>>> print(open('start-v3.cif').read())   # mmCIF, C-alpha atoms
data_data
#
loop_
_atom_site.label_atom_id
_atom_site.label_comp_id
_atom_site.auth_asym_id
_atom_site.auth_seq_id
_atom_site.Cartn_x
_atom_site.Cartn_y
_atom_site.Cartn_z
CA SER M 21 -29.28 5.18 -16.25
CA ASP M 22 -28.12 7.46 -19.08
CA LEU M 23 -26.35 9.67 -16.59
CA ASN M 24 -24.50 6.72 -15.04
CA GLN M 25 -23.13 5.82 -18.45
CA ASN M 26 -21.70 9.30 -18.98
CA PHE M 27 -19.66 9.50 -15.81
CA LYS M 28 -18.37 7.40 -12.95
CA ILE M 29 -18.54 8.65 -9.37
CA LYS M 30 -15.03 9.00 -8.00
CA THR M 31 -14.22 7.02 -4.85
CA ARG M 32 -13.33 9.51 -2.13
CA VAL M 33 -11.67 8.74 1.22
CA TRP M 34 -11.37 10.76 4.41
CA LEU M 35 -9.32 9.96 7.51
CA ALA M 36 -10.92 11.04 10.79
CA ASN M 37 -9.49 11.04 14.29
CA LYS M 38 -12.44 9.83 16.36
CA LEU M 39 -12.97 11.26 19.82
CA SER M 40 -13.60 9.12 22.88
CA GLY M 41 -17.31 9.11 23.69
CA GLU M 42 -18.51 9.31 20.09
CA LEU M 43 -20.57 6.70 18.30
CA VAL M 44 -19.60 5.61 14.79
CA ALA M 45 -23.08 6.00 13.34
CA ASP M 46 -25.22 8.23 11.15
CA HIS M 47 -27.61 9.06 13.97
CA ASP M 48 -28.32 8.00 17.55
CA PRO M 49 -31.95 7.93 18.77
CA MET M 50 -30.73 8.66 22.30
CA GLY M 51 -29.09 11.88 21.18
CA ARG M 52 -25.53 10.83 21.91
CA PRO M 53 -22.80 12.43 19.75
CA THR M 54 -21.97 10.59 16.54
CA LEU M 55 -18.88 10.81 14.36
CA LEU M 56 -20.64 11.00 11.00
CA GLU M 57 -23.02 13.76 12.07
CA ARG M 58 -20.08 15.84 13.29
CA LEU M 59 -18.10 15.22 10.11
CA LYS M 60 -21.03 16.27 7.94
CA ARG M 61 -21.44 19.48 9.93
CA GLY M 62 -17.76 20.16 9.33
CA GLY M 63 -18.13 19.78 5.56
CA VAL M 64 -16.87 16.23 5.04
CA GLY M 65 -18.65 14.69 2.07
CA LYS M 66 -20.07 18.02 0.93
CA GLN M 67 -21.85 18.06 -2.38
CA LYS M 68 -19.85 18.39 -5.57
CA MET M 69 -20.83 19.50 -9.05
CA ILE M 70 -19.71 16.88 -11.57
CA SER M 71 -19.38 17.61 -15.26
CA LYS M 72 -20.31 14.71 -17.51
CA LYS M 73 -17.92 15.89 -20.18
CA SER M 74 -14.80 16.76 -18.22
CA ASN M 75 -15.49 14.55 -15.16
CA THR M 76 -14.20 17.36 -12.92
CA THR M 77 -15.64 18.38 -9.57
CA THR M 78 -16.18 21.78 -7.99
CA SER M 79 -17.77 22.85 -4.72
CA THR M 80 -21.23 24.40 -5.00
CA THR M 81 -23.71 26.42 -3.03
CA ASN M 82 -27.39 27.11 -3.63
CA ASP M 83 -26.58 30.39 -5.40
CA ASP M 84 -24.07 28.58 -7.60
CA ASN M 85 -26.69 26.03 -8.57
CA ASN M 86 -29.09 28.79 -9.68
CA ASN M 87 -26.43 30.59 -11.69
CA ASN M 88 -25.17 27.43 -13.35
CA SER M 89 -28.57 25.97 -14.21
CA ASN M 90 -28.78 27.96 -17.44
CA THR M 91 -25.14 27.83 -18.43
CA ASN M 92 -24.11 24.27 -17.64
CA LYS M 93 -26.84 21.77 -18.43
CA ASN M 94 -24.31 18.94 -18.67
CA SER M 95 -23.60 19.04 -14.94
CA LEU M 96 -25.37 17.40 -12.04
CA LEU M 97 -25.19 17.43 -8.26
CA GLN M 98 -23.56 14.50 -6.48
CA VAL M 99 -25.03 13.71 -3.07
CA THR M 100 -22.41 11.97 -0.94
CA HIS M 101 -23.51 9.31 1.52
CA LEU M 102 -20.69 8.64 3.98
CA LYS M 103 -19.79 5.09 4.96
CA THR M 104 -17.24 4.07 7.59
CA ILE M 105 -14.77 1.27 6.92
CA GLY M 106 -14.99 -0.78 10.07
CA ARG M 107 -16.22 0.53 13.40
CA LEU M 108 -14.84 1.52 16.79
CA ASP M 109 -16.72 1.23 20.06
CA MET M 110 -17.83 4.34 21.86
CA MET M 111 -14.78 4.80 24.11
CA THR M 112 -12.14 3.90 21.51
CA GLU M 113 -10.27 6.74 19.85
CA GLY M 114 -8.26 7.16 16.70
CA LEU M 115 -8.45 6.39 13.02
CA VAL M 116 -11.75 5.90 11.25
CA VAL M 117 -11.61 5.61 7.45
CA VAL M 118 -14.65 7.16 5.77
CA THR M 119 -15.64 6.78 2.11
CA ASN M 120 -18.48 7.50 -0.30
CA ASP M 121 -18.10 4.09 -1.98
CA GLY M 122 -20.04 1.22 -0.38
CA THR M 123 -18.33 -1.43 -2.48
CA TYR M 124 -14.88 -0.17 -1.51
CA ALA M 125 -15.87 -0.10 2.17
CA ARG M 126 -17.25 -3.64 2.03
CA ASN M 127 -14.14 -5.03 0.33
CA MET M 128 -11.87 -3.35 2.86
CA GLU M 129 -13.80 -5.01 5.70
CA LEU M 130 -13.90 -8.54 4.27
CA PRO M 131 -11.97 -10.96 6.57
CA LYS M 132 -10.44 -12.79 3.60
CA HIS M 133 -8.37 -9.72 2.70
CA LYS M 134 -6.72 -9.70 6.16
CA LEU M 135 -6.02 -5.98 6.32
CA HIS M 136 -3.83 -5.04 9.28
CA ARG M 137 -5.39 -2.96 12.04
CA SER M 138 -2.89 -1.41 14.45
CA TYR M 139 -3.63 0.03 17.89
CA ARG M 140 -1.92 1.65 20.82
CA VAL M 141 -3.36 0.08 23.96
CA ARG M 142 -2.86 1.20 27.54
CA VAL M 143 -3.66 -1.59 29.99
CA HIS M 144 -3.92 -1.68 33.76
CA GLY M 145 -2.58 -4.81 35.40
CA ARG M 146 0.43 -7.07 35.49
CA ILE M 147 2.04 -7.88 32.14
CA THR M 148 3.70 -11.30 32.01
CA LYS M 149 5.51 -13.32 29.39
CA ASP M 150 2.67 -15.87 29.34
CA LYS M 151 0.06 -13.19 28.74
CA LEU M 152 2.00 -11.75 25.82
CA GLN M 153 2.42 -15.23 24.38
CA THR M 154 -1.33 -15.86 24.63
CA MET M 155 -2.01 -12.64 22.71
CA ARG M 156 0.40 -13.77 19.98
CA ASN M 157 -0.90 -17.34 19.79
CA GLY M 158 -4.61 -16.53 19.92
CA CYS M 159 -7.25 -17.82 22.31
CA HIS M 160 -10.87 -18.98 22.71
CA ILE M 161 -13.29 -16.76 24.64
CA ASP M 162 -16.97 -17.77 25.03
CA ASN M 163 -16.79 -20.20 22.10
CA THR M 164 -15.21 -17.55 19.86
CA ARG M 165 -11.75 -18.06 18.39
CA TYR M 166 -9.51 -14.98 18.27
CA LYS M 167 -6.49 -15.26 16.01
CA GLY M 168 -3.00 -14.40 17.19
CA MET M 169 -1.95 -10.75 17.15
CA LYS M 170 1.36 -8.99 16.73
CA VAL M 171 2.20 -7.48 20.12
CA HIS M 172 5.13 -5.61 21.58
CA LEU M 173 5.75 -3.25 24.47
CA GLU M 174 6.24 0.47 24.02
CA MET M 175 9.31 1.71 25.84
CA ALA M 176 9.56 5.18 27.34
CA SER M 177 12.40 6.27 25.10
CA THR M 178 12.78 9.25 22.79
CA LYS M 179 14.49 9.84 19.48
CA SER M 180 17.33 11.69 21.16
CA SER M 181 18.15 8.62 23.26
CA PHE M 182 19.45 6.82 20.19
CA ASN M 183 22.38 9.24 20.13
CA ASN M 184 23.20 8.76 23.77
CA LYS M 185 24.12 5.20 24.78
CA LYS M 186 24.18 5.88 28.52
CA LYS M 187 20.84 7.66 28.47
CA ASN M 188 19.28 4.92 26.35
CA LYS M 189 20.56 2.25 28.74
CA ARG M 190 19.14 4.12 31.73
CA ILE M 191 15.69 4.54 30.13
CA HIS M 192 15.62 0.94 28.94
CA SER M 193 16.55 -0.33 32.42
CA LYS M 194 13.71 1.66 33.98
CA ALA M 195 11.26 0.29 31.42
CA ILE M 196 12.28 -3.29 32.21
CA THR M 197 11.98 -2.70 35.95
CA ARG M 198 8.55 -1.15 35.48
CA VAL M 199 7.23 -4.05 33.40
CA ARG M 200 8.86 -6.77 35.49
CA GLY M 201 7.56 -5.22 38.69
CA GLY M 202 3.96 -5.17 37.49
CA ALA M 203 3.28 -1.66 36.25
CA THR M 204 -0.13 -0.19 36.93
CA ASN M 205 -0.33 1.06 33.35
CA THR M 206 1.59 -0.26 30.35
CA TRP M 207 1.40 0.78 26.70
CA LEU M 208 1.24 -1.99 24.09
CA ARG M 209 1.39 -1.83 20.29
CA ILE M 210 -1.02 -4.40 18.84
CA THR M 211 -1.72 -5.35 15.23
CA CYS M 212 -4.49 -7.77 14.26
CA ILE M 213 -6.18 -8.92 11.06
CA GLU M 214 -9.69 -9.31 12.47
CA GLY M 215 -12.36 -6.76 13.24
CA LYS M 216 -14.49 -8.66 15.73
CA ASN M 217 -16.64 -6.70 18.14
CA ARG M 218 -14.59 -5.33 21.07
CA GLN M 219 -11.89 -7.87 20.26
CA ILE M 220 -8.93 -6.27 22.04
CA ARG M 221 -10.95 -5.35 25.13
CA LYS M 222 -12.29 -8.91 25.44
CA ILE M 223 -8.85 -10.49 25.07
CA MET M 224 -7.30 -8.15 27.64
CA ASN M 225 -10.16 -8.78 30.08
CA HIS M 226 -9.71 -12.54 29.55
CA LEU M 227 -6.06 -12.13 30.62
CA GLY M 228 -6.91 -10.09 33.71
CA LEU M 229 -5.97 -6.76 32.15
CA THR M 230 -8.16 -3.68 31.92
CA VAL M 231 -7.96 -1.44 28.87
CA THR M 232 -7.76 2.16 30.06
CA ARG M 233 -7.15 3.68 26.64
CA LEU M 234 -7.45 2.31 23.11
CA ILE M 235 -6.33 4.22 20.00
CA ARG M 236 -6.42 2.88 16.46
CA ILE M 237 -3.44 4.23 14.52
CA SER M 238 -3.77 2.46 11.17
CA PHE M 239 -6.12 0.45 8.99
CA GLY M 240 -4.49 -1.21 5.99
CA ASP M 241 -2.19 1.37 4.38
CA TYR M 242 -4.11 4.30 5.90
CA ASP M 243 -2.33 5.86 8.89
CA LEU M 244 -3.53 8.30 11.54
CA ASN M 245 -0.19 10.12 11.58
CA THR M 246 -0.66 13.44 13.43
CA ILE M 247 -4.22 14.32 12.45
CA PRO M 248 -5.51 16.22 15.52
CA PRO M 249 -8.29 14.64 17.61
CA GLY M 250 -11.71 15.44 16.18
CA MET M 251 -10.34 16.48 12.79
CA ALA M 252 -10.60 14.84 9.38
CA ILE M 253 -8.87 15.27 6.04
CA GLU M 254 -9.46 13.90 2.55
CA VAL M 255 -6.69 11.69 1.15
CA PRO M 256 -6.19 9.83 -2.13
CA CYS M 257 -7.97 6.49 -2.36
CA LYS M 258 -5.62 3.50 -2.07
CA PRO M 259 -6.80 0.50 -4.14
CA LEU M 260 -7.14 -2.64 -2.06
CA GLU M 261 -4.93 -4.72 -4.35
CA ASN M 262 -2.05 -2.22 -3.96
CA GLN M 263 -2.06 -2.11 -0.17
CA LYS M 264 0.95 -3.69 1.54
CA LYS M 265 -0.29 -3.95 5.13
CA ARG M 266 -2.35 -7.11 4.77
CA GLY M 267 -1.96 -10.87 5.07
CA ASN M 268 -1.05 -13.20 7.93
CA LEU M 269 0.95 -11.85 10.86
CA LEU M 270 2.60 -15.07 12.02
CA ASN M 271 5.74 -14.89 9.86
CA SER M 272 6.34 -11.21 10.60
CA GLN M 273 6.13 -11.61 14.38
CA LYS M 274 8.34 -14.65 15.05
CA HIS M 275 11.41 -12.54 15.73
CA LYS M 276 9.40 -10.28 18.04
CA GLN M 277 8.55 -13.10 20.44
CA ILE M 278 12.18 -13.45 21.52
CA ASN M 279 12.92 -9.80 22.24
CA TYR M 280 10.84 -9.44 25.41
CA SER M 281 11.43 -12.73 27.24
CA SER M 282 14.27 -11.20 29.26
CA HIS M 283 11.88 -8.56 30.65
CA PHE M 284 10.29 -11.14 32.93
CA GLN M 285 13.36 -12.97 34.21
CA ASN M 286 14.36 -12.57 37.83
CA ASN M 287 18.02 -12.04 37.07
CA LYS M 288 19.55 -8.66 36.37
CA PRO M 289 18.84 -7.58 32.78
CA GLN M 290 21.73 -7.79 30.38
CA GLN M 291 23.14 -4.71 28.72
CA GLN M 292 21.10 -3.96 25.62
CA PRO M 293 22.73 -2.99 22.32
CA GLN M 294 22.21 0.51 21.06
CA ALA M 295 18.79 0.76 19.40
CA GLN M 296 18.66 1.22 15.68
CA HIS M 297 16.02 3.27 13.93
CA ASP M 298 13.38 1.08 12.27
CA PRO M 299 10.81 2.94 10.13
CA ASN M 300 8.35 0.07 10.53
CA ASN M 301 8.44 0.35 14.34
CA PRO M 302 8.77 4.05 15.10
CA VAL M 303 9.79 5.20 18.56
CA ILE M 304 6.83 6.46 20.54
CA ASP M 305 7.34 9.86 22.06
CA GLU M 306 4.64 10.69 24.59
CA ARG M 307 5.37 14.40 24.26
CA ALA M 308 3.15 16.52 22.05
CA SER M 309 4.27 16.73 18.43
CA PRO M 310 3.54 19.47 15.92
CA ILE M 311 0.61 18.94 13.57
CA GLU M 312 1.57 17.51 10.21
CA TRP M 313 -1.37 17.27 7.84
CA VAL M 314 -1.64 14.36 5.46
CA ARG M 315 -0.62 15.52 2.03
CA ASN M 316 -2.94 15.11 -0.92
CA SER M 317 -1.00 13.91 -3.92
#
>>> encode(input="start-v3.cif", output="structure tokens")
Amino acid sequence: SDLNQNFKIKTRVWLANKLSGELVADHDPMGRPTLLERLKRGGVGKQKMISKKSNTTTSTTNDDNNNNSNTNKNSLLQVTHLKTIGRLDMMTEGLVVVTNDGTYARNMELPKHKLHRSYRVRVHGRITKDKLQTMRNGCHIDNTRYKGMKVHLEMASTKSSFNNKKKNKRIHSKAITRVRGGATNTWLRITCIEGKNRQIRKIMNHLGLTVTRLIRISFGDYDLNTIPPGMAIEVPCKPLENQKKRGNLLNSQKHKQINYSSHFQNNKPQQQPQAQHDPNNPVIDERASPIEWVRNS
């Protein structure tokens, strides 16, 4: 108790890009691969030496502990227990936020805070206007109510197409034809404020769509960015009260519901205006992008 009064353990946060086929767990009795075990082997959450006087941290080894035992009696070893903020099912990929602070993790998960969770979802089946509207309005499945989600289609355009009106028109026309004709696979961008078990998969299955790939790209103000699959990096902790990506989605999605109605009309699609760059809805480029590590600041 005396030690706890002399220092406060710093809340630490790591962002990990979960691999498909991993469990989000400390250990699996069946021997299946788990995210937390792999992160620990890679050094995430490694022990730190904390000084009670300066409240600074430094990495340690066993030799360091022996050498410092006589010279720094005001230091102690912090053992980090990793906790995930939210969970992903075994086949889902993407962002998992990991922390050493159980209270912070619990507050981030509380439904009342309505933190936004964003996903890229590839579905197999026919996309219709009615199905998109059901996703946005919410639905009941097996006596469970799922709130409406923010949903829009990802078009197969690139950044360079914004500078070429003819090329952009050609790509956009192909995208409309593909969706209207019942594409075998379509990418959706979905944002929800709930973390119910297998929520997106259940809703898609309810609508006759099969999820063939599911990638979480953000949780609250934490973004996956271009962290490579299987990798993790420590980032500054973002206090819950300062996070902007939270709250109801209904007001922010009203204008989105109008944009895609023309995709499902039988008449020839009208000429679309030249797309403008929107930082809140970045263009998805399916091509590989160079690795850009999250900066610690």
>>> residues_around(input="start-v3.cif", residues="segment 57-63 of chain M", least_positions_apart="3", cutoff="7 Å", atoms="only C-alpha atoms", output="PyMOL selection string")
chain M and resi 46-47+54+66
>>> atom_distance(input="start-v3.cif", atom1="atom CA of Glu42 of chain M", atom2="atom CA of Lys134 of chain M")
26.4 Å
>>> closest_residue(input="start-v3.cif", among="M:Tyr139, M:Thr104, M:Leu55, M:Leu152", to="Gly122 of chain M", atoms="only C-alpha atoms")
M:Thr104
>>> residues_near_point(input="start-v3.cif", point="(-16.5, 7.8, 0.1)", cutoff="10 Å", atoms="only C-alpha atoms", output="ChimeraX atom specification")
/M:29-34,64-65,100-105,117-125,254,257
>>> closest_residue(input="start-v3.cif", among="M:Thr206, M:Met128, M:Arg107, M:His226", to="Ile161 of chain M", atoms="all atoms listed in the file")
M:His226
>>> residues_around(input="start-v3.cif", residues="Ala36 of chain M", least_positions_apart="4", cutoff="8 Å", atoms="only C-alpha atoms", output="list in words")
Gly114, Leu115, Val116, Val117, Val118, Leu244, Ile247, Gly250, Met251, Ala252 and Ile253 of chain M
>>> write_last_selection(input="start-v3.cif", atoms="C-alpha atoms", output="compact mmCIF listing (two decimals), in the frame of the given file")
# COMPACT_ATOMS: atom_id res chain seq x y z
CA GLY M 114 -8.26 7.16 16.70
CA LEU M 115 -8.45 6.39 13.02
CA VAL M 116 -11.75 5.90 11.25
CA VAL M 117 -11.61 5.61 7.45
CA VAL M 118 -14.65 7.16 5.77
CA LEU M 244 -3.53 8.30 11.54
CA ILE M 247 -4.22 14.32 12.45
CA GLY M 250 -11.71 15.44 16.18
CA MET M 251 -10.34 16.48 12.79
CA ALA M 252 -10.60 14.84 9.38
CA ILE M 253 -8.87 15.27 6.04
>>> closest_residue(input="start-v3.cif", among="M:Arg126, M:Lys151, M:Arg142, M:Arg137", to="Ile223 of chain M", atoms="only C-alpha atoms")
M:Lys151
>>> closest_residue(input="start-v3.cif", among="M:Ile213, M:Met110, M:Ile237, M:Val255", to="Lys132 of chain M", atoms="all atoms listed in the file")
M:Ile213
>>> atom_distance(input="start-v3.cif", atom1="atom CA of Asn163 of chain M", atom2="atom CA of Met111 of chain M")
25.2 Å
>>> atom_distance(input="start-v3.cif", atom1="atom CA of Lys264 of chain M", atom2="atom CA of Lys222 of chain M")
27.8 Å
>>> residues_around(input="start-v3.cif", residues="Glu129 of chain M", least_positions_apart="6", cutoff="8 Å", atoms="all atoms listed in the file", output="ChimeraX atom specification")
/M:105-106,135,215
